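Undergrad: As input, take entry_21.cif (mmCIF, C-alpha atoms):
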data_query
#
loop_
_atom_site.label_atom_id
_atom_site.label_comp_id
_atom_site.auth_asym_id
_atom_site.auth_seq_id
_atom_site.Cartn_x
_atom_site.Cartn_y
_atom_site.Cartn_z
CA MET A 676 19.69 -1.39 -34.66
CA PRO A 677 16.93 -3.24 -32.76
CA HIS A 678 16.28 -2.38 -29.13
CA ALA A 679 18.05 -4.86 -26.82
CA SER A 680 15.74 -7.15 -24.85
CA MET A 681 15.23 -6.42 -21.17
CA LEU A 682 17.06 -9.63 -20.40
CA ARG A 683 20.11 -8.43 -22.33
CA GLN A 684 19.95 -4.97 -20.76
CA ILE A 685 19.95 -6.47 -17.26
CA THR A 686 23.03 -8.60 -17.97
CA ASP A 687 24.78 -5.90 -20.07
CA PHE A 688 27.83 -4.58 -18.20
CA GLU A 689 27.21 -1.13 -19.68
CA ASN A 690 24.24 -0.79 -17.29
CA ARG A 691 26.03 -2.05 -14.18
CA ALA A 692 26.84 1.37 -12.70
CA ASN A 693 23.15 2.36 -12.85
CA PRO A 694 20.69 -0.45 -13.61
CA TYR A 695 17.73 1.36 -12.08
CA PRO A 696 16.35 2.98 -15.27
CA VAL A 697 16.28 -0.56 -16.75
CA TYR A 698 14.37 -1.81 -13.72
CA GLU A 699 11.92 1.10 -13.99
CA GLU A 700 11.19 0.14 -17.58
CA LEU A 701 10.95 -3.53 -16.56
CA ARG A 702 8.22 -2.81 -13.99
CA ARG A 703 5.92 -1.66 -16.78
CA THR A 704 5.56 -5.36 -17.62
CA PRO A 705 5.60 -6.98 -14.15
CA VAL A 706 5.69 -10.50 -15.60
CA LEU A 707 7.97 -10.51 -18.65
CA HIS A 708 8.86 -13.48 -20.85
CA GLU A 709 10.80 -12.43 -23.94
CA GLU A 710 12.46 -15.63 -25.16
CA GLU A 711 10.87 -19.05 -25.65
CA ASP A 712 13.41 -20.86 -23.47
CA GLY A 713 14.25 -17.84 -21.37
CA PRO A 714 13.28 -17.03 -17.78
CA TYR A 715 10.19 -15.19 -16.58
CA LEU A 716 11.19 -11.84 -15.04
CA ILE A 717 9.14 -10.73 -12.01
CA SER A 718 9.71 -7.11 -11.01
CA SER A 719 6.93 -5.85 -8.71
CA TYR A 720 7.42 -5.86 -4.94
CA TYR A 721 4.23 -7.69 -3.99
CA ASP A 722 4.62 -10.40 -6.65
CA ILE A 723 8.25 -11.05 -5.66
CA LYS A 724 7.33 -11.22 -1.97
CA ALA A 725 4.52 -13.69 -2.67
CA LEU A 726 6.70 -15.93 -4.83
CA LEU A 727 9.50 -15.99 -2.24
CA HIS A 728 6.94 -17.60 0.08
CA ASP A 729 5.37 -19.89 -2.56
CA PRO A 730 6.22 -23.62 -2.13
CA ARG A 731 5.70 -24.11 -5.89
CA ILE A 732 8.98 -22.23 -6.47
CA SER A 733 11.96 -24.56 -6.13
CA SER A 734 15.55 -23.72 -5.23
CA ASP A 735 16.75 -27.29 -5.78
CA ALA A 736 19.82 -27.48 -7.99
CA ALA A 737 18.45 -30.60 -9.72
CA ASN A 738 15.27 -28.79 -10.81
CA LEU A 739 17.34 -25.85 -11.98
CA ALA A 740 19.55 -28.11 -14.11
CA ALA A 741 16.48 -29.74 -15.65
CA ALA A 742 15.20 -26.29 -16.69
CA GLY A 743 18.20 -25.80 -19.01
CA ASP A 744 20.92 -23.17 -19.38
CA ASP A 745 20.45 -19.67 -18.07
CA ALA A 746 22.16 -16.36 -18.85
CA LEU A 747 23.06 -15.95 -15.17
CA ASP A 748 24.14 -19.45 -14.23
CA GLN A 749 26.64 -19.11 -11.38
CA ALA A 750 29.64 -21.26 -10.67
CA GLU A 751 28.81 -23.91 -8.05
CA GLU A 752 30.36 -22.44 -4.94
CA THR A 753 30.81 -25.73 -3.10
CA GLY A 754 32.68 -27.76 -5.75
CA GLY A 755 32.65 -31.46 -4.88
CA LEU A 756 30.67 -30.90 -1.67
CA PRO A 757 26.94 -31.66 -1.48
CA PRO A 758 24.64 -28.69 -2.24
CA SER A 759 24.29 -26.21 0.62
CA PHE A 760 20.78 -25.67 1.98
CA LEU A 761 20.62 -22.58 -0.24
CA ARG A 762 20.21 -25.02 -3.17
CA LEU A 763 17.74 -27.40 -1.50
CA ASP A 764 13.96 -27.53 -0.93
CA PRO A 765 12.09 -28.72 2.17
CA PRO A 766 12.29 -31.00 4.03
CA GLU A 767 16.08 -31.34 3.61
CA HIS A 768 16.54 -27.58 3.44
CA ASP A 769 14.64 -27.12 6.70
CA ARG A 770 16.62 -29.79 8.55
CA LEU A 771 20.02 -28.34 7.61
CA ARG A 772 18.98 -24.74 8.18
CA ARG A 773 17.56 -25.52 11.63
CA ILE A 774 20.82 -27.16 12.67
CA ALA A 775 22.83 -24.22 11.27
CA ASN A 776 20.57 -21.70 13.01
CA GLY A 777 21.16 -23.48 16.31
CA ALA A 778 24.87 -22.70 15.96
CA PHE A 779 24.38 -19.19 14.58
CA GLY A 780 21.73 -17.55 16.75
CA PRO A 781 18.51 -17.86 18.74
CA PRO A 782 17.29 -19.81 20.57
CA HIS A 783 20.46 -21.81 21.32
CA ARG A 784 23.06 -19.10 20.70
CA PRO A 785 21.06 -15.88 21.14
CA ARG A 786 24.12 -13.67 21.69
CA ARG A 787 26.68 -15.23 19.36
CA ILE A 788 26.59 -12.40 16.80
CA GLU A 789 25.98 -9.58 19.27
CA SER A 790 28.87 -10.78 21.43
CA MET A 791 31.21 -10.23 18.47
CA ARG A 792 30.51 -6.48 18.42
CA GLY A 793 33.72 -5.68 20.31
CA GLN A 794 35.84 -7.92 18.05
CA MET A 795 34.30 -6.35 14.94
CA ARG A 796 35.07 -2.86 16.23
CA ASP A 797 38.67 -3.88 16.95
CA ILE A 798 39.08 -5.30 13.42
CA VAL A 799 37.63 -2.12 11.88
CA THR A 800 39.91 0.07 14.02
CA GLU A 801 42.95 -1.95 12.98
CA LEU A 802 42.03 -1.70 9.28
CA ILE A 803 41.43 2.07 9.43
CA ASP A 804 44.64 2.61 11.42
CA GLY A 805 46.34 0.65 8.63
CA PHE A 806 45.54 3.48 6.18
CA GLY A 807 48.45 5.26 7.91
CA ASP A 808 49.46 8.60 6.44
CA ALA A 809 47.85 7.88 3.08
CA ARG A 810 45.35 10.43 1.92
CA GLN A 811 43.72 8.15 -0.61
CA ILE A 812 42.56 4.54 -0.28
CA ASP A 813 40.76 1.85 -2.23
CA LEU A 814 37.96 1.03 0.19
CA VAL A 815 37.35 -2.40 -1.38
CA ASP A 816 40.88 -3.78 -1.22
CA GLN A 817 41.95 -2.08 2.01
CA PHE A 818 38.78 -2.35 4.08
CA ALA A 819 35.52 -3.81 2.75
CA TYR A 820 37.18 -6.99 1.45
CA PRO A 821 39.37 -8.02 4.42
CA PHE A 822 36.85 -7.10 7.14
CA PRO A 823 34.10 -9.71 6.56
CA VAL A 824 36.48 -12.60 5.90
CA THR A 825 38.28 -11.87 9.17
CA VAL A 826 34.95 -11.82 11.03
CA ILE A 827 33.87 -15.14 9.49
CA CYS A 828 37.21 -16.71 10.46
CA ARG A 829 36.60 -15.65 14.08
CA LEU A 830 32.99 -16.86 13.95
CA LEU A 831 33.90 -20.31 12.62
CA GLY A 832 36.88 -20.65 14.95
CA VAL A 833 39.77 -20.46 12.48
CA PRO A 834 43.00 -19.93 14.51
CA ARG A 835 44.34 -16.39 14.21
CA GLU A 836 47.65 -17.59 12.75
CA ASP A 837 45.75 -19.30 9.89
CA GLU A 838 43.65 -16.26 8.90
CA PRO A 839 46.11 -15.00 6.21
CA LYS A 840 46.21 -18.47 4.62
CA PHE A 841 42.42 -18.62 4.75
CA ARG A 842 42.19 -15.31 2.85
CA THR A 843 44.43 -16.59 0.05
CA TRP A 844 41.87 -19.35 -0.62
CA VAL A 845 38.90 -17.00 -0.47
CA ASP A 846 40.23 -14.63 -3.17
CA PRO A 847 40.05 -17.07 -6.13
CA LEU A 848 36.76 -18.54 -4.90
CA VAL A 849 35.11 -15.13 -4.88
CA ALA A 850 36.67 -14.31 -8.28
CA SER A 851 35.11 -17.48 -9.71
CA LEU A 852 31.63 -16.06 -9.03
CA GLU A 853 32.18 -13.49 -11.78
CA PRO A 854 30.57 -14.27 -15.18
CA ASP A 855 32.63 -15.85 -17.96
CA THR A 856 34.55 -13.21 -19.87
CA GLY A 857 36.83 -15.27 -22.07
CA ARG A 858 37.85 -18.86 -22.60
CA GLY A 859 41.54 -18.82 -21.82
CA GLY A 860 41.47 -16.51 -18.83
CA ASP A 861 38.36 -18.13 -17.45
CA SER A 862 39.90 -21.58 -17.74
CA ASP A 863 42.89 -20.43 -15.66
CA ARG A 864 40.60 -18.71 -13.19
CA GLN A 865 38.40 -21.75 -12.69
CA LYS A 866 41.44 -23.99 -12.33
CA THR A 867 42.81 -21.71 -9.62
CA ALA A 868 39.40 -21.66 -7.92
CA ARG A 869 39.17 -25.47 -7.94
CA GLU A 870 42.61 -25.71 -6.38
CA ALA A 871 41.70 -23.16 -3.72
CA ARG A 872 38.40 -24.93 -3.04
CA MET A 873 40.22 -28.24 -2.57
CA GLN A 874 42.79 -26.71 -0.20
CA LEU A 875 40.08 -24.90 1.76
CA GLY A 876 38.02 -28.10 1.99
CA MET A 877 41.01 -30.09 3.25
CA TYR A 878 41.85 -27.41 5.80
CA LEU A 879 38.26 -27.20 7.07
CA ALA A 880 38.00 -31.00 7.22
CA GLY A 881 41.04 -31.05 9.51
CA LEU A 882 39.49 -28.32 11.66
CA VAL A 883 36.19 -30.26 11.81
CA GLU A 884 38.02 -33.36 13.05
CA GLU A 885 39.76 -31.29 15.72
CA ARG A 886 36.46 -29.78 16.90
CA ALA A 887 34.85 -33.24 17.01
CA ARG A 888 37.59 -34.34 19.45
CA GLU A 889 37.90 -31.08 21.39
CA PRO A 890 34.90 -28.73 21.01
CA ARG A 891 35.44 -25.02 21.62
CA ASP A 892 33.16 -22.03 21.86
CA ASP A 893 32.86 -21.43 18.12
CA MET A 894 30.33 -22.07 15.37
CA LEU A 895 32.26 -24.92 13.77
CA SER A 896 32.23 -26.84 17.07
CA ASP A 897 28.47 -26.35 17.37
CA LEU A 898 27.86 -27.57 13.80
CA VAL A 899 30.05 -30.64 14.32
CA ASN A 900 28.57 -31.58 17.69
CA SER A 901 24.90 -30.69 17.18
CA ARG A 902 22.67 -33.45 18.56
CA GLY A 903 19.21 -31.88 18.44
CA PRO A 904 15.93 -33.37 17.18
CA ASP A 905 17.12 -33.01 13.58
CA GLY A 906 20.13 -35.22 14.25
CA ALA A 907 23.66 -34.30 13.30
CA MET A 908 25.17 -32.92 10.13
CA THR A 909 27.57 -35.18 8.30
CA MET A 910 31.11 -33.90 7.88
CA MET A 911 30.33 -33.06 4.23
CA GLU A 912 27.24 -31.08 5.29
CA VAL A 913 29.29 -29.17 7.88
CA LEU A 914 31.86 -28.32 5.20
CA SER A 915 29.16 -27.28 2.72
CA THR A 916 27.48 -25.03 5.32
CA SER A 917 30.84 -23.47 6.29
CA VAL A 918 31.71 -22.71 2.67
CA LEU A 919 28.24 -21.22 2.12
CA LEU A 920 28.70 -18.87 5.07
CA LEU A 921 32.17 -17.97 3.90
CA ILE A 922 31.51 -17.29 0.21
CA ALA A 923 27.89 -16.10 0.12
CA GLY A 924 28.23 -14.09 3.31
CA HIS A 925 31.53 -12.51 2.39
CA GLU A 926 30.67 -11.19 -1.06
CA THR A 927 27.31 -9.69 -0.08
CA THR A 928 28.82 -7.88 2.91
CA VAL A 929 31.69 -6.47 0.82
CA ASN A 930 29.16 -5.03 -1.61
CA LEU A 931 26.86 -3.74 1.15
CA ILE A 932 29.71 -1.84 2.83
CA THR A 933 31.08 -0.50 -0.48
CA ASN A 934 27.67 0.48 -1.90
CA GLY A 935 26.92 2.04 1.47
CA MET A 936 29.96 4.28 1.54
CA LEU A 937 29.46 5.22 -2.11
CA THR A 938 25.85 6.20 -1.39
CA LEU A 939 26.79 8.20 1.71
CA LEU A 940 29.49 10.10 -0.19
CA ARG A 941 26.84 10.95 -2.79
CA HIS A 942 24.53 12.10 0.05
CA PRO A 943 26.94 13.98 2.35
CA GLU A 944 24.18 15.24 4.65
CA TYR A 945 23.62 11.67 5.87
CA LEU A 946 27.35 11.04 6.16
CA ARG A 947 27.57 14.11 8.41
CA ARG A 948 24.59 12.97 10.48
CA LEU A 949 26.10 9.48 10.87
CA ARG A 950 29.37 11.00 12.06
CA GLU A 951 27.44 12.89 14.75
CA ASP A 952 25.05 10.05 15.60
CA PRO A 953 26.38 6.48 15.11
CA GLY A 954 22.94 5.13 16.08
CA LEU A 955 21.67 6.32 12.70
CA SER A 956 23.62 3.42 11.16
CA VAL A 957 20.71 1.04 11.86
CA ASN A 958 18.30 3.00 9.63
CA ILE A 959 20.99 3.77 7.07
CA VAL A 960 21.79 0.08 6.57
CA GLU A 961 18.12 -0.85 6.18
CA GLU A 962 17.59 1.89 3.60
CA LEU A 963 20.76 0.81 1.79
CA LEU A 964 19.37 -2.73 1.57
CA ARG A 965 16.37 -1.22 -0.20
CA TYR A 966 18.09 1.45 -2.27
CA GLU A 967 21.33 -0.33 -3.30
CA PRO A 968 20.92 -4.03 -2.40
CA PRO A 969 24.07 -6.16 -2.76
CA VAL A 970 21.98 -8.99 -4.26
CA GLN A 971 20.13 -7.46 -7.21
CA LEU A 972 18.13 -10.48 -8.31
CA VAL A 973 17.52 -14.15 -7.54
CA PRO A 974 17.87 -16.10 -10.79
CA GLN A 975 18.08 -19.64 -9.45
CA ARG A 976 14.42 -20.55 -9.04
CA THR A 977 12.24 -23.04 -10.93
CA CYS A 978 8.46 -23.60 -11.03
CA ILE A 979 7.54 -27.15 -9.97
CA SER A 980 3.92 -26.62 -11.06
CA ASP A 981 2.02 -24.08 -13.17
CA ILE A 982 1.77 -20.71 -11.41
CA GLU A 983 -0.40 -17.75 -12.34
CA VAL A 984 0.96 -14.27 -11.70
CA ARG A 985 -1.12 -11.23 -12.75
CA GLY A 986 -3.07 -13.34 -15.23
CA VAL A 987 0.06 -14.83 -16.80
CA THR A 988 0.50 -18.58 -16.49
CA ILE A 989 4.10 -19.57 -15.82
CA PRO A 990 4.41 -23.21 -16.87
CA LYS A 991 5.88 -25.96 -14.72
CA GLY A 992 9.63 -26.33 -15.31
CA SER A 993 10.15 -22.64 -16.18
CA ARG A 994 12.93 -20.58 -14.69
CA ILE A 995 12.05 -17.42 -12.79
CA TRP A 996 14.19 -14.38 -12.07
CA LEU A 997 12.97 -12.49 -9.00
CA MET A 998 14.17 -8.92 -9.53
CA LEU A 999 14.73 -7.84 -5.92
CA ALA A 1000 16.29 -4.47 -6.74
CA ALA A 1001 13.37 -3.59 -9.05
CA GLY A 1002 10.87 -4.54 -6.34
CA ASN A 1003 12.76 -2.43 -3.80
CA ARG A 1004 12.05 0.67 -5.89
CA ASP A 1005 8.45 -0.20 -6.76
CA PRO A 1006 6.30 2.96 -6.37
CA GLU A 1007 3.30 0.70 -5.58
CA ARG A 1008 5.11 -0.19 -2.35
CA PHE A 1009 7.43 2.72 -1.49
CA LYS A 1010 6.76 6.44 -1.59
CA ASP A 1011 9.33 8.34 -3.65
CA PRO A 1012 11.32 5.11 -4.16
CA GLU A 1013 14.20 6.67 -6.14
CA ARG A 1014 15.17 8.83 -3.15
CA PHE A 1015 17.69 7.62 -0.57
CA ASP A 1016 15.92 8.32 2.72
CA PRO A 1017 17.10 6.62 5.93
CA ASP A 1018 14.31 8.46 7.78
CA ARG A 1019 11.62 6.33 6.13
CA GLU A 1020 9.23 4.93 8.71
CA ASP A 1021 8.61 1.71 6.80
CA ILE A 1022 11.61 0.07 5.11
CA GLN A 1023 10.35 -3.48 4.57
CA HIS A 1024 12.86 -4.16 1.80
CA LEU A 1025 13.70 -7.32 -0.14
CA GLY A 1026 17.44 -6.86 0.33
CA PHE A 1027 17.79 -10.12 2.24
CA GLY A 1028 15.03 -11.90 0.36
CA SER A 1029 12.09 -13.33 2.29
CA GLY A 1030 10.53 -16.68 3.14
CA ILE A 1031 12.40 -19.88 3.95
CA HIS A 1032 15.46 -18.79 1.95
CA SER A 1033 15.79 -15.34 3.52
CA CYS A 1034 19.45 -14.51 4.04
CA PHE A 1035 20.86 -16.80 6.72
CA GLY A 1036 23.68 -14.37 7.51
CA ALA A 1037 21.53 -11.22 7.72
CA PRO A 1038 22.16 -10.52 11.45
CA LEU A 1039 25.91 -10.72 10.86
CA ALA A 1040 25.88 -8.57 7.70
CA ARG A 1041 23.73 -5.92 9.38
CA LEU A 1042 26.02 -5.58 12.39
CA GLU A 1043 29.22 -5.62 10.31
CA THR A 1044 27.92 -2.86 8.02
CA GLN A 1045 26.57 -0.71 10.86
CA ILE A 1046 29.96 -0.77 12.60
CA ALA A 1047 31.93 -0.32 9.37
CA LEU A 1048 29.98 2.70 8.10
CA SER A 1049 29.71 4.46 11.47
CA GLU A 1050 33.47 4.12 12.08
CA LEU A 1051 34.39 5.23 8.55
CA ALA A 1052 32.09 8.26 8.94
CA ARG A 1053 33.64 9.09 12.33
CA ARG A 1054 37.29 8.72 11.41
CA LEU A 1055 37.71 9.83 7.77
CA GLU A 1056 38.10 13.61 7.66
CA SER A 1057 36.48 15.35 4.66
CA PRO A 1058 36.19 12.18 2.54
CA ARG A 1059 35.33 12.48 -1.14
CA LEU A 1060 35.03 10.17 -4.14
CA VAL A 1061 38.01 9.92 -6.48
CA GLU A 1062 35.90 8.63 -9.36
CA ASP A 1063 32.12 8.59 -9.84
CA PRO A 1064 30.86 6.19 -10.99
CA PRO A 1065 33.59 3.83 -9.82
CA PRO A 1066 34.56 0.72 -11.80
CA TYR A 1067 32.08 -2.11 -11.17
CA ARG A 1068 32.37 -5.87 -10.98
CA GLN A 1069 31.06 -7.85 -13.95
CA ASN A 1070 28.51 -9.71 -11.83
CA ALA A 1071 24.88 -8.64 -12.39
CA VAL A 1072 23.59 -10.62 -9.39
CA LEU A 1073 26.12 -9.64 -6.71
CA ARG A 1074 26.46 -6.02 -7.80
CA GLY A 1075 29.06 -3.69 -6.36
CA PRO A 1076 32.15 -1.60 -7.21
CA ARG A 1077 35.37 -3.52 -7.83
CA HIS A 1078 37.30 -0.54 -6.52
CA LEU A 1079 36.19 2.55 -4.62
CA GLY A 1080 38.79 5.30 -4.44
CA ILE A 1081 38.27 7.69 -1.52
CA ALA A 1082 40.42 10.74 -0.82
CA PHE A 1083 40.41 12.36 2.63
CA GLU A 1084 42.30 14.94 4.68
CA GLY A 1085 43.34 12.65 7.54
CA LEU A 1086 42.14 10.31 10.27
CA SER A 1087 40.55 11.33 13.53
#
Turn the structure described in the file into structure tokens.

TA:
Amino acid sequence: MPHASMLRQITDFENRANPYPVYEELRRTPVLHEEEDGPYLISSYYDIKALLHDPRISSDAANLAAAGDDALDQAEETGGLPPSFLRLDPPEHDRLRRIANGAFGPPHRPRRIESMRGQMRDIVTELIDGFGDARQIDLVDQFAYPFPVTVICRLLGVPREDEPKFRTWVDPLVASLEPDTGRGGDSDRQKTAREARMQLGMYLAGLVEERAREPRDDMLSDLVNSRGPDGAMTMMEVLSTSVLLLIAGHETTVNLITNGMLTLLRHPEYLRRLREDPGLSVNIVEELLRYEPPVQLVPQRTCISDIEVRGVTIPKGSRIWLMLAAGNRDPERFKDPERFDPDREDIQHLGFGSGIHSCFGAPLARLETQIALSELARRLESPRLVEDPPPYRQNAVLRGPRHLGIAFEGLS
């Protein structure tokens, strides 16, 4: 039987629990093009970093569509809304992102995320208390999944009484990000996702209208009422940005928390140290973003002119996959890269990307994960994995366990 192509090995679910040997093999050919109409795979740290900053690499959905079908095409997360700035190039990308940043953080809202620390801790405490007398939990369903969506509701300004309804719309939208696995089931799944997207859009539109009339101290009000040098977002742009924050931010944080706890349970010495010193969570999260990044690769990029990488010419119109997780374990960049080591002095990872499309929600995801992991380490007594490896999601891009069973002796 012929050896499967690297492309097929990356997308093969059989390798989801441990894709890193595939990435190690991939780095032997840092610029790989196996199929005539297939993407170019870039796997070395320095090449990925350079291309993330290269204006000849487009994120525009129109350029991506012109490049043809791709093995990792994702469902459009915004439905009938205009593309979010994640799918746009400058100057339109820059305009929308600047307005969004004004509502999200410095210089206009320098303490918006930090000021949520107390709320985040309260949400985490409530979720852990909710484990009750159980001695075994599914960390995904009972903790890592509900935590980020609750935080995003509070950030946007969704009324507390509407949070459960909000979560029922998020579930099918997140499920729709999974790859196609069968015609019938997928048709039902996409239909459910479209319905949820429509209901969520209508709900948010009503909230936007309310905030236009009566602004409050929340991010949605700032987006609606922004009147800076870049002008104002249209209602559709506000909705698109809100959905981006909700869907893209939620799924990556779920995976970061779940991958984080899985890694700590596999390295109990760091779990013990975190329990004794919650401040270690800062370094642990940065090393997790290198060692087990929630976004494994960036497939939605297109060359808008010929580009030469390591002597290989990548023609205009070609698709590129930037293999972030492979770059994060590149021995040319990191010493002993296969070792989980939160004590590294230099963890300049690619976990949140880089350049103009670096993760917009990174400050939020960092703080959420630091609080989540430090509180889980403090309160779970003698935790251990029920199953290793755990069952994984199908998705090769947003990689993480679908369930993570943890047994423990009690809560402190």

Undergrad: Would you work out the distance separating CA of Leu964 (chain A) from CA of Phe818 (chain A), expressed in Å to one decimal?

TA: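 CA of Phe818 (chain A) lies at a distance of 19.6 Å from CA of Leu964 (chain A).
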
Undergrad: Output as JSON the centre and edge lengths (Å, one decimal) of the box along x, y and z of the file that holds every listed atom of region 778-797 of chain A after adding 6 Å on each side.

TA:
{"center_x": 28.0, "center_y": -12.8, "center_z": 18.1, "size_x": 33.4, "size_y": 31.8, "size_z": 19.1}

Undergrad: Selected by the PyMOL selection byres ((chain A and resi 1048-1050) around 7) in the shown coordinates: which residues, as a list in words?

TA: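 Selected by the PyMOL selection byres ((chain A and resi 1048-1050) around 7) here: Ile932, Met936, Leu949, Arg950, Pro953, Ser956, Thr1044, Gln1045, Ile1046, Ala1047, Leu1051, Ala1052, Arg1053 and Arg1054 of chain A.
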
Undergrad: Just want the 6 Å neighbourhood of Glu1056 (chain A), counted on only C-alpha atoms, with same-chain residues fewer than 2 positions away dropped. Output as an MDAnalysis selection string.

TA: chainID A and resid 1058 1083:1086

Undergrad: Extract, using only C-alpha atoms, all DNA, RNA and protein residues at most 7 Å from Gly832 (chain A), discarding same-chain residues fewer than 2 positions from it, and format them as number ranges by chain.

TA: A: 828-830, 834, 893-895

Undergrad: Would you mind reading off the distance between CA of Tyr695 (chain A) and CA of Pro821 (chain A), one decimal, in Å?

TA: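 Computing it gives 28.8 Å between the two atoms.
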
Undergrad: Would you write out, as a VMD selection string, every residue that the PyMOL selection byres ((chain A and resi 886) around 10) captures in this file?

TA: chain A and resid 832 880 to 885 887 to 900

Undergrad: At most 9 Å from (24.1, 6.1, -8.4), file frame, all atoms listed in the file: which residues, as a PyMOL selection string?

TA: chain A and resi 692-693+695+937-938+941+967+1063-1064

Undergrad: Store the residues of this selection in a file with C-alpha atoms, as a short mmCIF file (atom, residue, chain, number, x, y, z; two decimals), keeping the file's coordinate frame.

TA:
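As a result, result.cif now contains:
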data_model
loop_
_atom_site.label_atom_id
_atom_site.label_comp_id
_atom_site.auth_asym_id
_atom_site.auth_seq_id
_atom_site.Cartn_x
_atom_site.Cartn_y
_atom_site.Cartn_z
CA ALA A 692 26.84 1.37 -12.70
CA ASN A 693 23.15 2.36 -12.85
CA TYR A 695 17.73 1.36 -12.08
CA LEU A 937 29.46 5.22 -2.11
CA THR A 938 25.85 6.20 -1.39
CA ARG A 941 26.84 10.95 -2.79
CA GLU A 967 21.33 -0.33 -3.30
CA ASP A 1063 32.12 8.59 -9.84
CA PRO A 1064 30.86 6.19 -10.99
#

Undergrad: Check the smallest atom-to-atom distance from each of A:Met873, A:Val697, A:Leu802, A:Met908 to Ile774 (chain A) using all atoms listed in the file, then report the winner.

TA: A:Met908

Undergrad: How would you write, as a PyMOL selection string, the residues chosen by the PyMOL selection byres ((chain A and resi 961) around 10) on this structure?

TA: chain A and resi 956-960+962-966+968+1017+1019+1021-1024+1026+1041+1045
